[in-house]
Amino acid sequence: MATRLTQRTVDAAEPRDARYVIFDNAIAGFGLRISPSGEKSWIFEYRADGGGRRQPKRRVTIGRVGDLTPIEARKVADTFRSQVSRGIDPQAEKVAKRQAPTFAELARMFLAEHVEAKRKATTAAWYTDLFERVLIPRLGALKAASVTRADVAKVHLSLKSTPFQANRALAGISSLYSFADRRGLVVADFNPAKRIEKYREEGRERFLSADELSRLGAAIRQAETDGIPWEINSNGNLKHVAKKKQATPIDPFAAAALRLLIFTGARLREILHLKWQYVDMERGLLLLPDSKTGKKAIVLNAPALEVLAGLPQLGEYVVAGASVATQREKPRADLKRPWDGVRRLAGLPDVRIHDLRHNFAAFGAGGGMGLPIIGKLLGHSQPATTARYAHLDNDPLRRASDAIAAGIAAAMGEASSSVGVANIEDARRARSRDQ
């Protein structure tokens, strides 16, 4: 039967022993379905592929009565009718949306088929951590195609206390949807990370003073000989431990790795993954076949050569693993424990391992080595990367400033203990002769 579907029709429809449908007399296929339980819902019935009696009937549920008014349901049905007339199958569209990947599914596809297949192992590990630890817990249950800019902005805001991580999360999402676009998994040019303003990142530069370097050197020497004293908890857990065992030495490979980082300015993984076959002692070079910036040569200075000469070759890796079982087979994973102990011993709790690389560059810049030379030593692929140390390359500026200030001080009759004192004294003697 067919009638005009209004709220009055809905209220008057009573449940029967079997489910039945009341169709609308204005929009063909639009109907009200009543179940024996009394549940009522809106439906749309149609024939796919432009209609025709040879095509089987299909039925798509629009929504439940109560969730949609008759007017709202009628608008949806009219949209479906328009789609059918253009050869679009509403039910197939609905099924496709239901089967569309979630953010979590798309993310893991991206990691497996793009990141792990086409990026360096360290980059892949970084991406995996970002998605598994930060993004999937927040967005994973959402359909990838339905994630909005507001959803991404909310995630970005939740990470505001760590601006670097917040911005990397934004970049990770953007890269994910670029991948999905290329695979045709989302609508073309759909990227919910677009036009979200990044947080300002303050560059962290921590350089060591001469006193701090002295303490660091002393700490490494003590750590590899007498050992690092244990921190005793207030509960007194160590009261029965013999005095001579209340310090733990670091292994010689950890000490060597720290010295190589300090003397060469190399990145942590470049030292931990260094193989003996890459070491050219005769020419004083580390010939790395791969690094963050590709193939790279690191110059070995005299202190670095001395460190390498004193190391035994236990396996293919220069810095042997922390345990006997792994030291011949795989590179050392990290230096976290020995470094934490050494910096605590040296009283440098805020110094990171990567700061040793910055410190190497700072010494070079402060010594007037020139930014191009420093960039070559560090293996920077872009001059802009080395430019962060430009303010330390001040030797020519300091000489100019000293000369200018010396002239001004001489004119003022001021004494100075800095460079340029001789010029001031000459000026004073000249004035005395004139008087």
# chains A, B, ... in the order shown; residues from 1 in each chain; ligands from 1

$ residues_around --residues "Arg267 in chain A" --least-positions-apart "2" --cutoff "10 Å" --atoms "only C-alpha atoms" --output "PyMOL selection string"
chain A and resi 260-261+264-265+269-272+291-292+353-354+356-357+378-379

$ write_last_selection --atoms "all heavy atoms" --output "short mmCIF file (atom, residue, chain, number, x, y, z; two decimals), in the first residue's frame"
data_model
loop_
_atom_site.label_atom_id
_atom_site.label_comp_id
_atom_site.auth_asym_id
_atom_site.auth_seq_id
_atom_site.Cartn_x
_atom_site.Cartn_y
_atom_site.Cartn_z
N LEU A 260 84.48 8.43 21.19
CA LEU A 260 84.38 8.62 19.74
C LEU A 260 83.31 9.65 19.39
O LEU A 260 83.49 10.46 18.47
CB LEU A 260 84.07 7.29 19.05
CG LEU A 260 85.23 6.28 19.01
CD1 LEU A 260 84.74 4.93 18.46
CD2 LEU A 260 86.39 6.80 18.16
N LEU A 261 82.22 9.63 20.11
CA LEU A 261 81.17 10.64 19.89
C LEU A 261 81.69 12.04 20.20
O LEU A 261 81.41 13.00 19.47
CB LEU A 261 79.96 10.32 20.77
CG LEU A 261 79.14 9.08 20.39
CD1 LEU A 261 78.16 8.73 21.50
CD2 LEU A 261 78.41 9.30 19.07
N THR A 264 84.65 12.98 17.44
CA THR A 264 84.34 13.03 16.00
C THR A 264 83.08 13.83 15.66
O THR A 264 82.89 14.21 14.52
CB THR A 264 84.16 11.61 15.42
OG1 THR A 264 82.99 11.01 16.01
CG2 THR A 264 85.37 10.75 15.70
N GLY A 265 82.19 14.04 16.64
CA GLY A 265 80.93 14.71 16.34
C GLY A 265 79.99 13.82 15.55
O GLY A 265 79.02 14.30 14.95
N ARG A 269 74.08 6.47 16.11
CA ARG A 269 73.99 5.22 15.35
C ARG A 269 75.20 5.01 14.43
O ARG A 269 75.55 3.88 14.10
CB ARG A 269 72.71 5.19 14.51
CG ARG A 269 71.45 5.26 15.33
CD ARG A 269 71.28 4.06 16.23
NE ARG A 269 70.31 4.31 17.28
CZ ARG A 269 70.19 3.60 18.39
NH1 ARG A 269 71.00 2.59 18.60
NH2 ARG A 269 69.28 3.90 19.29
N GLU A 270 75.83 6.10 14.01
CA GLU A 270 77.03 5.97 13.17
C GLU A 270 78.16 5.30 13.93
O GLU A 270 78.99 4.60 13.34
CB GLU A 270 77.45 7.34 12.65
CG GLU A 270 76.46 7.94 11.65
CD GLU A 270 76.77 9.39 11.30
OE1 GLU A 270 77.62 10.01 11.98
OE2 GLU A 270 76.14 9.91 10.36
N ILE A 271 78.20 5.51 15.24
CA ILE A 271 79.23 4.87 16.07
C ILE A 271 78.78 3.48 16.51
O ILE A 271 79.54 2.51 16.43
CB ILE A 271 79.56 5.75 17.29
CG1 ILE A 271 80.19 7.08 16.83
CG2 ILE A 271 80.49 5.02 18.25
CD1 ILE A 271 81.46 6.93 16.03
N LEU A 272 77.54 3.34 16.97
CA LEU A 272 77.07 2.04 17.45
C LEU A 272 76.99 1.01 16.34
O LEU A 272 77.19 -0.19 16.59
CB LEU A 272 75.69 2.19 18.12
CG LEU A 272 75.64 3.00 19.42
CD1 LEU A 272 74.26 2.92 20.02
CD2 LEU A 272 76.68 2.52 20.42
N SER A 291 74.35 6.46 5.90
CA SER A 291 74.11 7.24 7.11
C SER A 291 72.82 8.02 6.90
O SER A 291 72.14 7.82 5.89
CB SER A 291 75.28 8.21 7.38
OG SER A 291 75.27 9.27 6.44
N LYS A 292 72.50 8.89 7.81
CA LYS A 292 71.28 9.69 7.68
C LYS A 292 71.29 10.50 6.39
O LYS A 292 70.25 10.73 5.76
CB LYS A 292 71.13 10.63 8.88
CG LYS A 292 69.87 11.46 8.88
CD LYS A 292 69.77 12.33 10.11
CE LYS A 292 68.51 13.19 10.08
NZ LYS A 292 68.41 14.06 11.27
N ILE A 353 73.19 12.82 24.79
CA ILE A 353 74.28 12.28 23.96
C ILE A 353 74.42 13.11 22.69
O ILE A 353 75.54 13.38 22.23
CB ILE A 353 74.02 10.80 23.63
CG1 ILE A 353 74.43 9.94 24.82
CG2 ILE A 353 74.80 10.37 22.39
CD1 ILE A 353 74.40 8.45 24.56
N HIS A 354 73.30 13.54 22.10
CA HIS A 354 73.38 14.31 20.85
C HIS A 354 74.04 15.67 21.07
O HIS A 354 74.56 16.27 20.12
CB HIS A 354 71.99 14.50 20.25
CG HIS A 354 72.00 14.95 18.82
ND1 HIS A 354 72.44 14.14 17.78
CD2 HIS A 354 71.67 16.14 18.25
CE1 HIS A 354 72.36 14.81 16.64
NE2 HIS A 354 71.90 16.01 16.89
N LEU A 356 76.76 16.12 22.45
CA LEU A 356 78.19 15.94 22.20
C LEU A 356 78.53 16.31 20.75
O LEU A 356 79.61 16.83 20.47
CB LEU A 356 78.60 14.49 22.49
CG LEU A 356 78.31 13.99 23.91
CD1 LEU A 356 78.74 12.53 24.06
CD2 LEU A 356 78.99 14.87 24.95
N ARG A 357 77.59 16.04 19.85
CA ARG A 357 77.76 16.42 18.44
C ARG A 357 77.71 17.94 18.30
O ARG A 357 78.53 18.54 17.60
CB ARG A 357 76.67 15.76 17.61
CG ARG A 357 76.69 16.09 16.12
CD ARG A 357 75.67 15.20 15.41
NE ARG A 357 75.40 15.63 14.04
CZ ARG A 357 76.12 15.31 12.98
NH1 ARG A 357 77.20 14.57 13.14
NH2 ARG A 357 75.78 15.70 11.78
N LEU A 378 80.85 17.21 9.95
CA LEU A 378 79.65 16.63 10.53
C LEU A 378 78.82 15.85 9.51
O LEU A 378 77.89 15.14 9.89
CB LEU A 378 78.78 17.72 11.17
CG LEU A 378 79.38 18.43 12.39
CD1 LEU A 378 78.43 19.50 12.90
CD2 LEU A 378 79.68 17.43 13.50
N GLY A 379 79.11 16.03 8.23
CA GLY A 379 78.36 15.33 7.20
C GLY A 379 77.02 15.96 6.90
O GLY A 379 76.08 15.27 6.52
#

$ residues_around --residues "range 311-318 of chain A" --least-positions-apart "3" --cutoff "6 Å" --atoms "only C-alpha atoms" --output "ChimeraX atom specification"
/A:274-276,308,328

$ write_last_selection --atoms "N, CA, C and O atoms" --output "mmCIF file, in the first residue's frame"
data_model
loop_
_atom_site.group_PDB
_atom_site.id
_atom_site.type_symbol
_atom_site.label_atom_id
_atom_site.label_comp_id
_atom_site.auth_asym_id
_atom_site.auth_seq_id
_atom_site.Cartn_x
_atom_site.Cartn_y
_atom_site.Cartn_z
ATOM 1 N N LEU A 274 78.952 1.022 13.667
ATOM 2 C CA LEU A 274 80.222 1.044 12.949
ATOM 3 C C LEU A 274 80.851 -0.352 12.914
ATOM 4 O O LEU A 274 80.995 -1.014 13.938
ATOM 5 N N LYS A 275 81.223 -0.791 11.710
ATOM 6 C CA LYS A 275 81.887 -2.079 11.550
ATOM 7 C C LYS A 275 83.378 -1.847 11.307
ATOM 8 O O LYS A 275 83.771 -0.831 10.753
ATOM 9 N N TRP A 276 84.179 -2.822 11.720
ATOM 10 C CA TRP A 276 85.627 -2.695 11.546
ATOM 11 C C TRP A 276 86.000 -2.549 10.072
ATOM 12 O O TRP A 276 86.998 -1.904 9.746
ATOM 13 N N LEU A 308 90.392 3.918 18.915
ATOM 14 C CA LEU A 308 90.176 2.736 18.085
ATOM 15 C C LEU A 308 91.334 1.743 18.204
ATOM 16 O O LEU A 308 91.133 0.525 18.216
ATOM 17 N N ARG A 328 79.118 -10.278 19.286
ATOM 18 C CA ARG A 328 79.730 -10.650 18.009
ATOM 19 C C ARG A 328 78.728 -10.611 16.852
ATOM 20 O O ARG A 328 79.127 -10.644 15.702
#

$ closest_residue --among "A:Ile136, A:Val10, A:Val307, A:Ala48" --to "Ile34 in chain A" --atoms "only C-alpha atoms"
A:Val10

$ residues_around --residues "range 146-154 of chain A" --least-positions-apart "6" --cutoff "9 Å" --atoms "only C-alpha atoms" --output "ChimeraX atom specification"
/A:102-103,139,170,173,191-197

$ closest_residue --among "A:Pro101, A:Gly294, A:Gly172, A:Pro338" --to "Leu135 in chain A" --atoms "only C-alpha atoms"
A:Gly172

$ select_by_dssp --residues "range 208-329 of chain A" --states "strand (DSSP E or B)" --output "PyMOL selection string"
chain A and resi 228-229+247-248+275+279-280+285-288+296-299+317

$ write_last_selection --atoms "N, CA and C atoms" --output "tab-separated table (two decimals), in the first residue's frame"
chain	number	residue	atom	x	y	z
A	228	ILE	N	80.98	3.49	38.59
A	228	ILE	CA	80.01	4.53	38.96
A	228	ILE	C	79.35	4.12	40.27
A	229	PRO	N	79.43	4.98	41.30
A	229	PRO	CA	78.81	4.63	42.59
A	229	PRO	C	77.31	4.40	42.45
A	247	ALA	N	79.91	0.15	43.53
A	247	ALA	CA	80.19	0.91	42.31
A	247	ALA	C	80.29	-0.09	41.15
A	248	THR	N	79.79	0.32	40.01
A	248	THR	CA	79.80	-0.57	38.85
A	248	THR	C	80.55	0.09	37.70
A	275	LYS	N	81.22	-0.79	11.71
A	275	LYS	CA	81.89	-2.08	11.55
A	275	LYS	C	83.38	-1.85	11.31
A	279	VAL	N	86.56	0.98	8.93
A	279	VAL	CA	87.63	1.76	9.55
A	279	VAL	C	88.91	1.67	8.72
A	280	ASP	N	89.37	2.83	8.26
A	280	ASP	CA	90.62	2.90	7.51
A	280	ASP	C	91.64	3.64	8.39
A	285	LEU	N	90.19	7.44	8.38
A	285	LEU	CA	88.82	7.71	7.95
A	285	LEU	C	87.88	6.60	8.41
A	286	LEU	N	86.64	6.99	8.66
A	286	LEU	CA	85.55	6.02	8.79
A	286	LEU	C	84.75	6.14	7.51
A	287	LEU	N	84.71	5.10	6.71
A	287	LEU	CA	84.04	5.12	5.41
A	287	LEU	C	82.69	4.44	5.54
A	288	LEU	N	81.66	5.24	5.88
A	288	LEU	CA	80.32	4.70	6.11
A	288	LEU	C	79.59	4.54	4.79
A	296	LYS	N	79.06	8.40	3.50
A	296	LYS	CA	79.72	9.45	4.28
A	296	LYS	C	81.10	9.00	4.74
A	297	ALA	N	82.03	9.95	4.81
A	297	ALA	CA	83.37	9.70	5.36
A	297	ALA	C	83.56	10.59	6.59
A	298	ILE	N	83.97	10.00	7.68
A	298	ILE	CA	84.25	10.75	8.91
A	298	ILE	C	85.75	10.77	9.13
A	299	VAL	N	86.29	11.96	9.32
A	299	VAL	CA	87.73	12.11	9.54
A	299	VAL	C	88.08	11.67	10.95
A	317	TYR	N	81.50	-5.62	14.69
A	317	TYR	CA	81.18	-4.26	15.12
A	317	TYR	C	82.27	-3.72	16.04

$ residues_around --residues "Tyr177 in chain A" --least-positions-apart "5" --cutoff "10 Å" --atoms "only C-alpha atoms" --output "number ranges by chain"
A: 103, 106-107, 110, 144-145, 172, 182-183, 185-193

$ closest_residue --among "A:Ala254, A:Leu176, A:Ala302, A:Val21" --to "Ala112 in chain A" --atoms "only C-alpha atoms"
A:Leu176

$ closest_residue --among "A:Arg108, A:Glu14, A:Ala26, A:Arg200" --to "Glu39 in chain A" --atoms "only C-alpha atoms"
A:Glu14

$ residues_around --residues "Asp129 in chain A" --least-positions-apart "3" --cutoff "12 Å" --atoms "only C-alpha atoms" --output "number ranges by chain"
A: 107-108, 111, 122-126, 132-137, 165, 168-169, 172

$ atom_distance --atom1 "CA of Gln246 in chain A" --atom2 "CA of Ala223 in chain A"
12.6 Å

$ atom_distance --atom1 "CA of Ser175 in chain A" --atom2 "CA of Leu159 in chain A"
18.5 Å
